[in-house]
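Enquirer: Got a file for you: model23.pdb, PDB, C-alpha atoms.
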ATOM      1  CA  GLU P   1       3.214   9.061   5.375  1.00  0.00           C
ATOM      2  CA  ALA P   2       3.688   5.303   5.143  1.00  0.00           C
ATOM      3  CA  GLN P   3       3.726   4.339   1.505  1.00  0.00           C
ATOM      4  CA  VAL P   4       5.096   2.338  -1.395  1.00  0.00           C
ATOM      5  CA  THR P   5       6.352   4.562  -4.186  1.00  0.00           C
ATOM      6  CA  GLN P   6       6.713   3.375  -7.748  1.00  0.00           C
ATOM      7  CA  ASN P   7       8.152   5.234 -10.697  1.00  0.00           C
ATOM      8  CA  PRO P   8       7.276   5.905 -13.389  1.00  0.00           C
ATOM      9  CA  ARG P   9       3.458   5.806 -13.362  1.00  0.00           C
ATOM     10  CA  TYR P  10       3.272   5.453 -17.111  1.00  0.00           C
ATOM     11  CA  LEU P  11       5.862   4.154 -19.547  1.00  0.00           C
ATOM     12  CA  ILE P  12       5.799   3.471 -23.269  1.00  0.00           C
ATOM     13  CA  THR P  13       8.843   1.733 -24.668  1.00  0.00           C
ATOM     14  CA  VAL P  14       9.955  -0.255 -27.686  1.00  0.00           C
ATOM     15  CA  THR P  15      10.668  -3.946 -27.884  1.00  0.00           C
ATOM     16  CA  GLY P  16      14.131  -4.846 -26.653  1.00  0.00           C
ATOM     17  CA  LYS P  17      14.979  -1.598 -24.882  1.00  0.00           C
ATOM     18  CA  LYS P  18      16.003  -2.351 -21.312  1.00  0.00           C
ATOM     19  CA  LEU P  19      14.012  -0.595 -18.607  1.00  0.00           C
ATOM     20  CA  THR P  20      13.796  -0.412 -14.847  1.00  0.00           C
ATOM     21  CA  VAL P  21      10.755   0.338 -12.715  1.00  0.00           C
ATOM     22  CA  THR P  22      11.739   1.580  -9.281  1.00  0.00           C
ATOM     23  CA  CYS P  23       9.986   0.766  -6.030  1.00  0.00           C
ATOM     24  CA  SER P  24      10.681   2.140  -2.596  1.00  0.00           C
ATOM     25  CA  GLN P  25       8.953   1.709   0.764  1.00  0.00           C
ATOM     26  CA  ASN P  26       9.380   3.723   3.952  1.00  0.00           C
ATOM     27  CA  MET P  27       7.844   1.270   6.415  1.00  0.00           C
ATOM     28  CA  ASN P  28      10.917  -0.864   7.135  1.00  0.00           C
ATOM     29  CA  HIS P  29       9.134  -3.902   5.729  1.00  0.00           C
ATOM     30  CA  GLU P  30      11.044  -7.152   5.219  1.00  0.00           C
ATOM     31  CA  TYR P  31       8.861  -8.451   2.402  1.00  0.00           C
ATOM     32  CA  MET P  32       8.536  -6.856  -0.989  1.00  0.00           C
ATOM     33  CA  SER P  33       6.866  -8.174  -4.108  1.00  0.00           C
ATOM     34  CA  TRP P  34       6.065  -7.376  -7.714  1.00  0.00           C
ATOM     35  CA  TYR P  35       2.729  -8.259  -9.308  1.00  0.00           C
ATOM     36  CA  ARG P  36       1.372  -7.741 -12.768  1.00  0.00           C
ATOM     37  CA  GLN P  37      -2.333  -7.173 -13.367  1.00  0.00           C
ATOM     38  CA  ASP P  38      -3.976  -8.199 -16.609  1.00  0.00           C
ATOM     39  CA  PRO P  39      -7.703  -8.161 -17.467  1.00  0.00           C
ATOM     40  CA  GLY P  40      -9.367 -11.432 -16.580  1.00  0.00           C
ATOM     41  CA  LEU P  41      -6.225 -12.797 -14.943  1.00  0.00           C
ATOM     42  CA  GLY P  42      -6.159 -10.817 -11.721  1.00  0.00           C
ATOM     43  CA  LEU P  43      -2.812 -10.182 -10.076  1.00  0.00           C
ATOM     44  CA  ARG P  44       0.018 -12.596 -10.637  1.00  0.00           C
ATOM     45  CA  GLN P  45       3.212 -12.522  -8.635  1.00  0.00           C
ATOM     46  CA  ILE P  46       6.417 -11.973 -10.605  1.00  0.00           C
ATOM     47  CA  TYR P  47       9.101 -11.987  -7.917  1.00  0.00           C
ATOM     48  CA  TYR P  48       9.247 -11.474  -4.207  1.00  0.00           C
ATOM     49  CA  SER P  49      11.892 -10.782  -1.595  1.00  0.00           C
ATOM     50  CA  MET P  50      11.983 -11.812   2.047  1.00  0.00           C
ATOM     51  CA  ASN P  51      14.868  -9.537   2.967  1.00  0.00           C
ATOM     52  CA  VAL P  52      18.004  -7.885   1.626  1.00  0.00           C
ATOM     53  CA  GLU P  53      19.739 -10.113  -0.932  1.00  0.00           C
ATOM     54  CA  VAL P  54      16.980 -12.749  -0.635  1.00  0.00           C
ATOM     55  CA  THR P  55      14.672 -13.014  -3.646  1.00  0.00           C
ATOM     56  CA  ASP P  56      12.622 -15.768  -5.212  1.00  0.00           C
ATOM     57  CA  LYS P  57      10.494 -16.370  -8.271  1.00  0.00           C
ATOM     58  CA  GLY P  58       6.769 -15.960  -8.201  1.00  0.00           C
ATOM     59  CA  ASP P  59       4.307 -17.405 -10.695  1.00  0.00           C
ATOM     60  CA  VAL P  60       5.362 -15.476 -13.810  1.00  0.00           C
ATOM     61  CA  PRO P  61       9.080 -14.586 -13.526  1.00  0.00           C
ATOM     62  CA  GLU P  62      10.094 -15.096 -17.162  1.00  0.00           C
ATOM     63  CA  GLY P  63      11.542 -11.970 -18.740  1.00  0.00           C
ATOM     64  CA  TYR P  64      12.013 -10.120 -15.453  1.00  0.00           C
ATOM     65  CA  LYS P  65      14.823  -9.561 -12.975  1.00  0.00           C
ATOM     66  CA  VAL P  66      14.860  -8.020  -9.526  1.00  0.00           C
ATOM     67  CA  SER P  67      17.414  -7.048  -6.929  1.00  0.00           C
ATOM     68  CA  ARG P  68      17.256  -6.200  -3.239  1.00  0.00           C
ATOM     69  CA  LYS P  69      20.468  -4.469  -2.284  1.00  0.00           C
ATOM     70  CA  GLU P  70      18.776  -2.259   0.302  1.00  0.00           C
ATOM     71  CA  LYS P  71      15.776  -2.988   2.465  1.00  0.00           C
ATOM     72  CA  ARG P  72      13.712  -0.093   1.151  1.00  0.00           C
ATOM     73  CA  ASN P  73      14.242  -0.614  -2.598  1.00  0.00           C
ATOM     74  CA  PHE P  74      13.117  -3.389  -4.914  1.00  0.00           C
ATOM     75  CA  PRO P  75      13.511  -2.455  -8.591  1.00  0.00           C
ATOM     76  CA  LEU P  76      11.982  -4.484 -11.408  1.00  0.00           C
ATOM     77  CA  ILE P  77      14.164  -4.882 -14.480  1.00  0.00           C
ATOM     78  CA  LEU P  78      13.053  -5.860 -17.948  1.00  0.00           C
ATOM     79  CA  GLU P  79      16.247  -6.646 -19.855  1.00  0.00           C
ATOM     80  CA  SER P  80      14.561  -7.036 -23.234  1.00  0.00           C
ATOM     81  CA  PRO P  81      10.882  -6.064 -23.025  1.00  0.00           C
ATOM     82  CA  SER P  82       8.398  -7.680 -25.363  1.00  0.00           C
ATOM     83  CA  PRO P  83       4.780  -6.724 -26.197  1.00  0.00           C
ATOM     84  CA  ASN P  84       3.415  -9.527 -23.984  1.00  0.00           C
ATOM     85  CA  GLN P  85       4.868  -7.643 -21.012  1.00  0.00           C
ATOM     86  CA  THR P  86       2.461  -4.783 -21.630  1.00  0.00           C
ATOM     87  CA  SER P  87       0.611  -4.693 -18.337  1.00  0.00           C
ATOM     88  CA  LEU P  88      -0.123  -2.832 -15.117  1.00  0.00           C
ATOM     89  CA  TYR P  89       2.589  -3.485 -12.546  1.00  0.00           C
ATOM     90  CA  PHE P  90       2.275  -3.146  -8.800  1.00  0.00           C
ATOM     91  CA  CYS P  91       4.989  -3.163  -6.191  1.00  0.00           C
ATOM     92  CA  ALA P  92       3.995  -4.128  -2.664  1.00  0.00           C
ATOM     93  CA  SER P  93       5.564  -4.462   0.751  1.00  0.00           C
ATOM     94  CA  SER P  94       4.686  -6.057   4.063  1.00  0.00           C
ATOM     95  CA  LEU P  95       6.055  -6.763   7.488  1.00  0.00           C
ATOM     96  CA  ARG P  96       4.597 -10.241   7.122  1.00  0.00           C
ATOM     97  CA  PRO P  97       2.144 -10.918   4.267  1.00  0.00           C
ATOM     98  CA  GLN P  98       0.619 -13.916   6.006  1.00  0.00           C
ATOM     99  CA  ILE P  99      -0.693 -11.685   8.784  1.00  0.00           C
ATOM    100  CA  TYR P 100      -0.946  -8.206   7.326  1.00  0.00           C
ATOM    101  CA  GLY P 101      -1.335  -8.749   3.604  1.00  0.00           C
ATOM    102  CA  TYR P 102       0.553  -6.352   1.359  1.00  0.00           C
ATOM    103  CA  THR P 103       0.547  -2.565   1.051  1.00  0.00           C
ATOM    104  CA  PHE P 104       0.517  -1.662  -2.629  1.00  0.00           C
ATOM    105  CA  GLY P 105       2.057   1.122  -4.640  1.00  0.00           C
ATOM    106  CA  SER P 106       0.061   3.184  -7.143  1.00  0.00           C
ATOM    107  CA  GLY P 107       1.046   1.078 -10.130  1.00  0.00           C
ATOM    108  CA  THR P 108       3.059   1.463 -13.329  1.00  0.00           C
ATOM    109  CA  ARG P 109       1.263   1.113 -16.621  1.00  0.00           C
ATOM    110  CA  LEU P 110       3.767  -0.241 -19.121  1.00  0.00           C
ATOM    111  CA  THR P 111       3.199  -0.425 -22.856  1.00  0.00           C
ATOM    112  CA  VAL P 112       5.744  -2.208 -25.044  1.00  0.00           C
ATOM    113  CA  VAL P 113       5.365  -1.542 -28.774  1.00  0.00           C
TER     114      VAL P 113
ATOM    115  CA  ALA T   1      -0.547 -25.230  -5.305  1.00  0.00           C
ATOM    116  CA  GLN T   2      -2.899 -22.790  -3.677  1.00  0.00           C
ATOM    117  CA  SER T   3      -5.515 -21.124  -5.847  1.00  0.00           C
ATOM    118  CA  VAL T   4      -8.430 -18.762  -5.453  1.00  0.00           C
ATOM    119  CA  SER T   5     -11.622 -18.708  -7.509  1.00  0.00           C
ATOM    120  CA  GLN T   6     -13.944 -15.780  -7.921  1.00  0.00           C
ATOM    121  CA  HIS T   7     -16.813 -16.993 -10.047  1.00  0.00           C
ATOM    122  CA  ASN T   8     -18.630 -13.670 -10.443  1.00  0.00           C
ATOM    123  CA  HIS T   9     -16.614 -11.686 -12.963  1.00  0.00           C
ATOM    124  CA  HIS T  10     -19.046  -8.817 -13.361  1.00  0.00           C
ATOM    125  CA  VAL T  11     -21.828  -7.781 -11.010  1.00  0.00           C
ATOM    126  CA  ILE T  12     -24.256  -4.920 -11.541  1.00  0.00           C
ATOM    127  CA  LEU T  13     -26.426  -3.733  -8.662  1.00  0.00           C
ATOM    128  CA  SER T  14     -28.678  -0.825  -7.904  1.00  0.00           C
ATOM    129  CA  GLU T  15     -27.912   1.424  -4.979  1.00  0.00           C
ATOM    130  CA  ALA T  16     -29.161   0.036  -1.648  1.00  0.00           C
ATOM    131  CA  ALA T  17     -29.123  -3.540  -2.937  1.00  0.00           C
ATOM    132  CA  SER T  18     -27.335  -6.171  -0.913  1.00  0.00           C
ATOM    133  CA  LEU T  19     -24.019  -7.531  -2.117  1.00  0.00           C
ATOM    134  CA  GLU T  20     -22.411 -10.926  -1.880  1.00  0.00           C
ATOM    135  CA  LEU T  21     -19.269 -11.754  -3.845  1.00  0.00           C
ATOM    136  CA  GLY T  22     -18.044 -15.319  -3.896  1.00  0.00           C
ATOM    137  CA  CYS T  23     -14.525 -16.491  -3.101  1.00  0.00           C
ATOM    138  CA  ASN T  24     -13.391 -20.092  -2.901  1.00  0.00           C
ATOM    139  CA  TYR T  25      -9.899 -21.362  -2.270  1.00  0.00           C
ATOM    140  CA  SER T  26      -8.284 -24.717  -2.835  1.00  0.00           C
ATOM    141  CA  TYR T  27      -6.131 -25.743   0.103  1.00  0.00           C
ATOM    142  CA  GLY T  28      -6.861 -28.198   2.854  1.00  0.00           C
ATOM    143  CA  GLY T  29      -4.743 -26.728   5.623  1.00  0.00           C
ATOM    144  CA  THR T  30      -4.366 -23.440   7.440  1.00  0.00           C
ATOM    145  CA  VAL T  31      -5.339 -20.366   5.432  1.00  0.00           C
ATOM    146  CA  ASN T  32      -5.340 -16.629   5.913  1.00  0.00           C
ATOM    147  CA  LEU T  33      -7.778 -14.765   3.708  1.00  0.00           C
ATOM    148  CA  PHE T  34      -7.991 -11.223   2.439  1.00  0.00           C
ATOM    149  CA  TRP T  35     -10.296  -9.008   0.425  1.00  0.00           C
ATOM    150  CA  TYR T  36      -8.868  -6.063  -1.453  1.00  0.00           C
ATOM    151  CA  VAL T  37     -10.669  -3.298  -3.349  1.00  0.00           C
ATOM    152  CA  GLN T  38      -9.360  -1.379  -6.353  1.00  0.00           C
ATOM    153  CA  TYR T  39     -11.250   1.806  -7.213  1.00  0.00           C
ATOM    154  CA  PRO T  40     -10.993   2.958 -10.836  1.00  0.00           C
ATOM    155  CA  GLY T  41      -7.456   4.080 -11.619  1.00  0.00           C
ATOM    156  CA  GLN T  42      -6.175   3.395  -8.139  1.00  0.00           C
ATOM    157  CA  HIS T  43      -4.057   0.825  -6.339  1.00  0.00           C
ATOM    158  CA  LEU T  44      -5.334  -2.032  -4.222  1.00  0.00           C
ATOM    159  CA  GLN T  45      -6.479  -1.311  -0.696  1.00  0.00           C
ATOM    160  CA  LEU T  46      -7.118  -3.849   2.029  1.00  0.00           C
ATOM    161  CA  LEU T  47     -10.796  -4.181   2.939  1.00  0.00           C
ATOM    162  CA  LEU T  48     -10.571  -6.907   5.551  1.00  0.00           C
ATOM    163  CA  LYS T  49      -8.688 -10.039   6.503  1.00  0.00           C
ATOM    164  CA  TYR T  50      -9.201 -13.291   8.328  1.00  0.00           C
ATOM    165  CA  PHE T  51      -6.326 -14.656  10.356  1.00  0.00           C
ATOM    166  CA  SER T  52      -7.952 -16.710  13.101  1.00  0.00           C
ATOM    167  CA  GLY T  53     -10.789 -16.586  15.622  1.00  0.00           C
ATOM    168  CA  ASP T  54     -14.265 -15.337  14.791  1.00  0.00           C
ATOM    169  CA  PRO T  55     -15.064 -16.451  11.236  1.00  0.00           C
ATOM    170  CA  LEU T  56     -17.205 -13.367  10.663  1.00  0.00           C
ATOM    171  CA  VAL T  57     -14.844 -10.533   9.903  1.00  0.00           C
ATOM    172  CA  LYS T  58     -15.806  -6.883   9.687  1.00  0.00           C
ATOM    173  CA  GLY T  59     -13.821  -4.492   7.552  1.00  0.00           C
ATOM    174  CA  ILE T  60     -13.854  -0.914   6.413  1.00  0.00           C
ATOM    175  CA  LYS T  61     -16.717   0.859   4.624  1.00  0.00           C
ATOM    176  CA  GLY T  62     -19.360  -1.507   6.030  1.00  0.00           C
ATOM    177  CA  PHE T  63     -18.026  -4.668   4.380  1.00  0.00           C
ATOM    178  CA  GLU T  64     -17.871  -8.022   6.085  1.00  0.00           C
ATOM    179  CA  ALA T  65     -16.850 -11.545   5.126  1.00  0.00           C
ATOM    180  CA  GLU T  66     -17.505 -14.970   6.543  1.00  0.00           C
ATOM    181  CA  PHE T  67     -14.946 -17.758   6.573  1.00  0.00           C
ATOM    182  CA  ILE T  68     -16.681 -21.120   6.132  1.00  0.00           C
ATOM    183  CA  LYS T  69     -14.002 -23.765   6.403  1.00  0.00           C
ATOM    184  CA  SER T  70     -16.258 -26.647   5.335  1.00  0.00           C
ATOM    185  CA  LYS T  71     -17.062 -24.853   2.095  1.00  0.00           C
ATOM    186  CA  PHE T  72     -13.557 -23.459   1.492  1.00  0.00           C
ATOM    187  CA  SER T  73     -15.213 -20.075   1.104  1.00  0.00           C
ATOM    188  CA  PHE T  74     -14.706 -16.486   2.188  1.00  0.00           C
ATOM    189  CA  ASN T  75     -17.562 -14.505   0.657  1.00  0.00           C
ATOM    190  CA  LEU T  76     -17.679 -10.736   0.865  1.00  0.00           C
ATOM    191  CA  ARG T  77     -20.947  -9.053   1.881  1.00  0.00           C
ATOM    192  CA  LYS T  78     -22.417  -5.626   2.299  1.00  0.00           C
ATOM    193  CA  PRO T  79     -26.060  -5.063   3.286  1.00  0.00           C
ATOM    194  CA  SER T  80     -26.577  -1.934   1.205  1.00  0.00           C
ATOM    195  CA  VAL T  81     -24.210  -0.831  -1.553  1.00  0.00           C
ATOM    196  CA  GLN T  82     -23.546   2.734  -2.630  1.00  0.00           C
ATOM    197  CA  TRP T  83     -22.565   4.153  -5.995  1.00  0.00           C
ATOM    198  CA  SER T  84     -19.100   4.798  -4.527  1.00  0.00           C
ATOM    199  CA  ASP T  85     -18.611   1.044  -4.063  1.00  0.00           C
ATOM    200  CA  THR T  86     -18.132   0.704  -7.815  1.00  0.00           C
ATOM    201  CA  ALA T  87     -14.725  -0.963  -8.032  1.00  0.00           C
ATOM    202  CA  GLU T  88     -12.947  -4.240  -8.640  1.00  0.00           C
ATOM    203  CA  TYR T  89     -12.744  -6.629  -5.706  1.00  0.00           C
ATOM    204  CA  PHE T  90     -10.045  -9.232  -5.230  1.00  0.00           C
ATOM    205  CA  CYS T  91      -9.939 -12.166  -2.878  1.00  0.00           C
ATOM    206  CA  ALA T  92      -6.486 -13.411  -1.827  1.00  0.00           C
ATOM    207  CA  VAL T  93      -5.065 -16.220   0.290  1.00  0.00           C
ATOM    208  CA  THR T  94      -1.901 -17.334   2.035  1.00  0.00           C
ATOM    209  CA  THR T  95      -1.667 -20.984   2.997  1.00  0.00           C
ATOM    210  CA  GLY T  96       0.151 -23.283   5.385  1.00  0.00           C
ATOM    211  CA  GLY T  97       1.770 -20.494   7.341  1.00  0.00           C
ATOM    212  CA  GLY T  98       3.595 -19.218   4.282  1.00  0.00           C
ATOM    213  CA  ASN T  99       3.826 -15.682   3.030  1.00  0.00           C
ATOM    214  CA  LYS T 100       2.931 -16.138  -0.641  1.00  0.00           C
ATOM    215  CA  LEU T 101      -0.207 -14.100  -1.320  1.00  0.00           C
ATOM    216  CA  THR T 102      -2.234 -15.532  -4.226  1.00  0.00           C
ATOM    217  CA  PHE T 103      -5.027 -13.490  -5.772  1.00  0.00           C
ATOM    218  CA  GLY T 104      -8.225 -14.432  -7.512  1.00  0.00           C
ATOM    219  CA  THR T 105      -9.105 -12.992 -10.901  1.00  0.00           C
ATOM    220  CA  GLY T 106     -11.287 -10.275  -9.440  1.00  0.00           C
ATOM    221  CA  THR T 107     -14.945  -9.233  -9.587  1.00  0.00           C
ATOM    222  CA  GLN T 108     -15.902  -5.998 -11.270  1.00  0.00           C
ATOM    223  CA  LEU T 109     -18.782  -4.389  -9.351  1.00  0.00           C
ATOM    224  CA  LYS T 110     -20.844  -1.626 -10.868  1.00  0.00           C
ATOM    225  CA  VAL T 111     -23.411   0.136  -8.711  1.00  0.00           C
ATOM    226  CA  GLU T 112     -26.063   2.080 -10.583  1.00  0.00           C
ATOM    227  CA  LEU T 113     -27.963   5.035  -9.214  1.00  0.00           C
TER     228      LEU T 113
END
Could you take the file, read its structure, and then write that structure out as structure tokens?
Expert:
Amino acid sequence: EAQVTQNPRYLITVTGKKLTVTCSQNMNHEYMSWYRQDPGLGLRQIYYSMNVEVTDKGDVPEGYKVSRKEKRNFPLILESPSPNQTSLYFCASSLRPQIYGYTFGSGTRLTVV
Amino acid sequence: AQSVSQHNHHVILSEAASLELGCNYSYGGTVNLFWYVQYPGQHLQLLLKYFSGDPLVKGIKGFEAEFIKSKFSFNLRKPSVQWSDTAEYFCAVTTGGGNKLTFGTGTQLKVEL
């Protein structure tokens, strides 16, 4: 089944403790992206990647890192999480977002205390 | 920078009522437009998209949207809603041939029996 898989689904962590949210897609898509969803703000793009080793900042990149060493994987790294990063995170992939839009993963609900 | 406005934040309808959700974008050039739906506790799913051609686009589950270039709008419609349409709806846009997908803030639809 074609899908975007994120792990974990739920995560509670403490301020300053580094964490990684994994994302993998099995559709051979070039584009991958991370969004965060907050009430009243919709989805905002954190980082995106056009291909292996090619990444760029989205609208809200501060406090996040990404890497794209393999085409299928696009992990999101929070080096020193803070409470304002408490949010619902979605990974997404696409052959070409302009034409097809994105296919989204099931989301990771992160709470930073 | 491209942006998307969804002015209706919360909409409550009775079953069988007609639905129209507003979406306006701010960009003077070429746009591709999308509507996504997010059912409670789930990830975003693509409802429909406009790329080119006929400005009236039909999607899944009986939804349709009309691209009106002169009004910078892409409103979502459904003639008769069902309780199962209760969800959050997001409009999104790519502009100028690029692949950055920008989302609106979403409209929460509640359909009452």
Enquirer: What separation in Å, quoted to one decimal, exists between CA of Thr55 (chain P) and CA of Tyr100 (chain P)?
Expert: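 It comes out at 19.7 Å.
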Enquirer: For chain T, report every residue with an atom at most 9 Å from chain P (counting all atoms listed in the file), formatted as a list in words.
Expert: His9, Val31, Asn32, Leu33, Phe34, Gly41, Gln42, His43, Leu44, Gln45, Leu46, Lys49, Tyr50, Phe51, Phe90, Ala92, Val93, Thr94, Thr95, Gly97, Gly98, Asn99, Lys100, Leu101, Thr102, Phe103, Gly104, Thr105 and Gly106 of chain T
Enquirer: Between T:Thr30, T:Cys91, T:Ser70, T:Ile60, which is the closest to Ser3 (chain T) once you count all atoms listed in the file?
Expert: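 Looking at the shortest contact to Ser3 (chain T), the residue is T:Cys91.
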Enquirer: Could you spell out the hits of the PyMOL selection byres ((chain T and resi 25) around 7) on the shown file, as a PDB file with C-alpha atoms, in the coordinates of the input?
Expert:
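What ended up in result-v1.pdb:
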ATOM      1  CA  SER T   3      -5.515 -21.124  -5.847  1.00  0.00           C
ATOM      2  CA  VAL T   4      -8.430 -18.762  -5.453  1.00  0.00           C
ATOM      3  CA  SER T   5     -11.622 -18.708  -7.509  1.00  0.00           C
ATOM      4  CA  CYS T  23     -14.525 -16.491  -3.101  1.00  0.00           C
ATOM      5  CA  ASN T  24     -13.391 -20.092  -2.901  1.00  0.00           C
ATOM      6  CA  SER T  26      -8.284 -24.717  -2.835  1.00  0.00           C
ATOM      7  CA  TYR T  27      -6.131 -25.743   0.103  1.00  0.00           C
ATOM      8  CA  PHE T  72     -13.557 -23.459   1.492  1.00  0.00           C
ATOM      9  CA  SER T  73     -15.213 -20.075   1.104  1.00  0.00           C
TER      10      SER T  73
END
Enquirer: In terms of the shortest atom-to-atom distance over only C-alpha atoms, which of T:Tyr89, T:Leu109, T:Lys71, T:Gly96 is closest to Tyr36 (chain T)?
Expert: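 Going through T:Tyr89, T:Leu109, T:Lys71, T:Gly96 one by one, the smallest distance to Tyr36 (chain T) is for T:Tyr89.
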Enquirer: Report as a PDB file with C-alpha atoms, in the frame of the given file the residues that result from applying the PyMOL selection byres ((chain P and resi 67-77) around 7) to the structure here.
Expert:
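Resulting contents of out15.pdb:
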ATOM      1  CA  LEU P  19      14.012  -0.595 -18.607  1.00  0.00           C
ATOM      2  CA  THR P  20      13.796  -0.412 -14.847  1.00  0.00           C
ATOM      3  CA  VAL P  21      10.755   0.338 -12.715  1.00  0.00           C
ATOM      4  CA  THR P  22      11.739   1.580  -9.281  1.00  0.00           C
ATOM      5  CA  CYS P  23       9.986   0.766  -6.030  1.00  0.00           C
ATOM      6  CA  SER P  24      10.681   2.140  -2.596  1.00  0.00           C
ATOM      7  CA  GLN P  25       8.953   1.709   0.764  1.00  0.00           C
ATOM      8  CA  ASN P  26       9.380   3.723   3.952  1.00  0.00           C
ATOM      9  CA  ASN P  28      10.917  -0.864   7.135  1.00  0.00           C
ATOM     10  CA  GLU P  30      11.044  -7.152   5.219  1.00  0.00           C
ATOM     11  CA  MET P  32       8.536  -6.856  -0.989  1.00  0.00           C
ATOM     12  CA  ASN P  51      14.868  -9.537   2.967  1.00  0.00           C
ATOM     13  CA  VAL P  52      18.004  -7.885   1.626  1.00  0.00           C
ATOM     14  CA  GLU P  53      19.739 -10.113  -0.932  1.00  0.00           C
ATOM     15  CA  TYR P  64      12.013 -10.120 -15.453  1.00  0.00           C
ATOM     16  CA  LYS P  65      14.823  -9.561 -12.975  1.00  0.00           C
ATOM     17  CA  VAL P  66      14.860  -8.020  -9.526  1.00  0.00           C
ATOM     18  CA  LEU P  78      13.053  -5.860 -17.948  1.00  0.00           C
ATOM     19  CA  GLU P  79      16.247  -6.646 -19.855  1.00  0.00           C
TER      20      GLU P  79
END
Enquirer: Write out as a list in words the residues lying within 6 Å of region 82-88 of chain P, counting all atoms listed in the file and excluding same-chain residues fewer than 6 positions away.
Expert: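 Neighbouring residues, sequence-local ones excluded: Thr15, Arg36, Gln37, Thr108, Arg109, Leu110, Thr111, Val112 and Val113 of chain P.
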Enquirer: Please compute the CA of Arg9 (chain P)-CA of Val11 (chain T) distance, one decimal, in Å.
Expert: 28.8 Å
Enquirer: For CA of Asn75 (chain T) and CA of Trp35 (chain T), determine how far apart the two atoms are, in Å to one decimal place.
Expert: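 That distance, rounded to one decimal, is 9.1 Å.
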Enquirer: Expand the PyMOL selection byres ((chain P and resi 2) around 7) into the individual residues it matches in the shown file, reporting them as a list in words.
Expert: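 On the file shown, the PyMOL selection byres ((chain P and resi 2) around 7) covers Glu1, Gln3, Asn26 and Met27 of chain P.
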Enquirer: For a quick check of your reading of the model, name the residues lying within 10 Å of the coordinate (-13.3, -18.9, 14.3), counting all atoms listed in the file, and write them as a short mmCIF file (atom, residue, chain, number, x, y, z; two decimals) with C-alpha atoms, in the frame of the given file.
Expert:
data_model
loop_
_atom_site.label_atom_id
_atom_site.label_comp_id
_atom_site.auth_asym_id
_atom_site.auth_seq_id
_atom_site.Cartn_x
_atom_site.Cartn_y
_atom_site.Cartn_z
CA TYR T 50 -9.20 -13.29 8.33
CA PHE T 51 -6.33 -14.66 10.36
CA SER T 52 -7.95 -16.71 13.10
CA GLY T 53 -10.79 -16.59 15.62
CA ASP T 54 -14.26 -15.34 14.79
CA PRO T 55 -15.06 -16.45 11.24
CA LEU T 56 -17.20 -13.37 10.66
CA VAL T 57 -14.84 -10.53 9.90
CA GLU T 66 -17.50 -14.97 6.54
CA PHE T 67 -14.95 -17.76 6.57
CA ILE T 68 -16.68 -21.12 6.13
CA LYS T 69 -14.00 -23.76 6.40
#
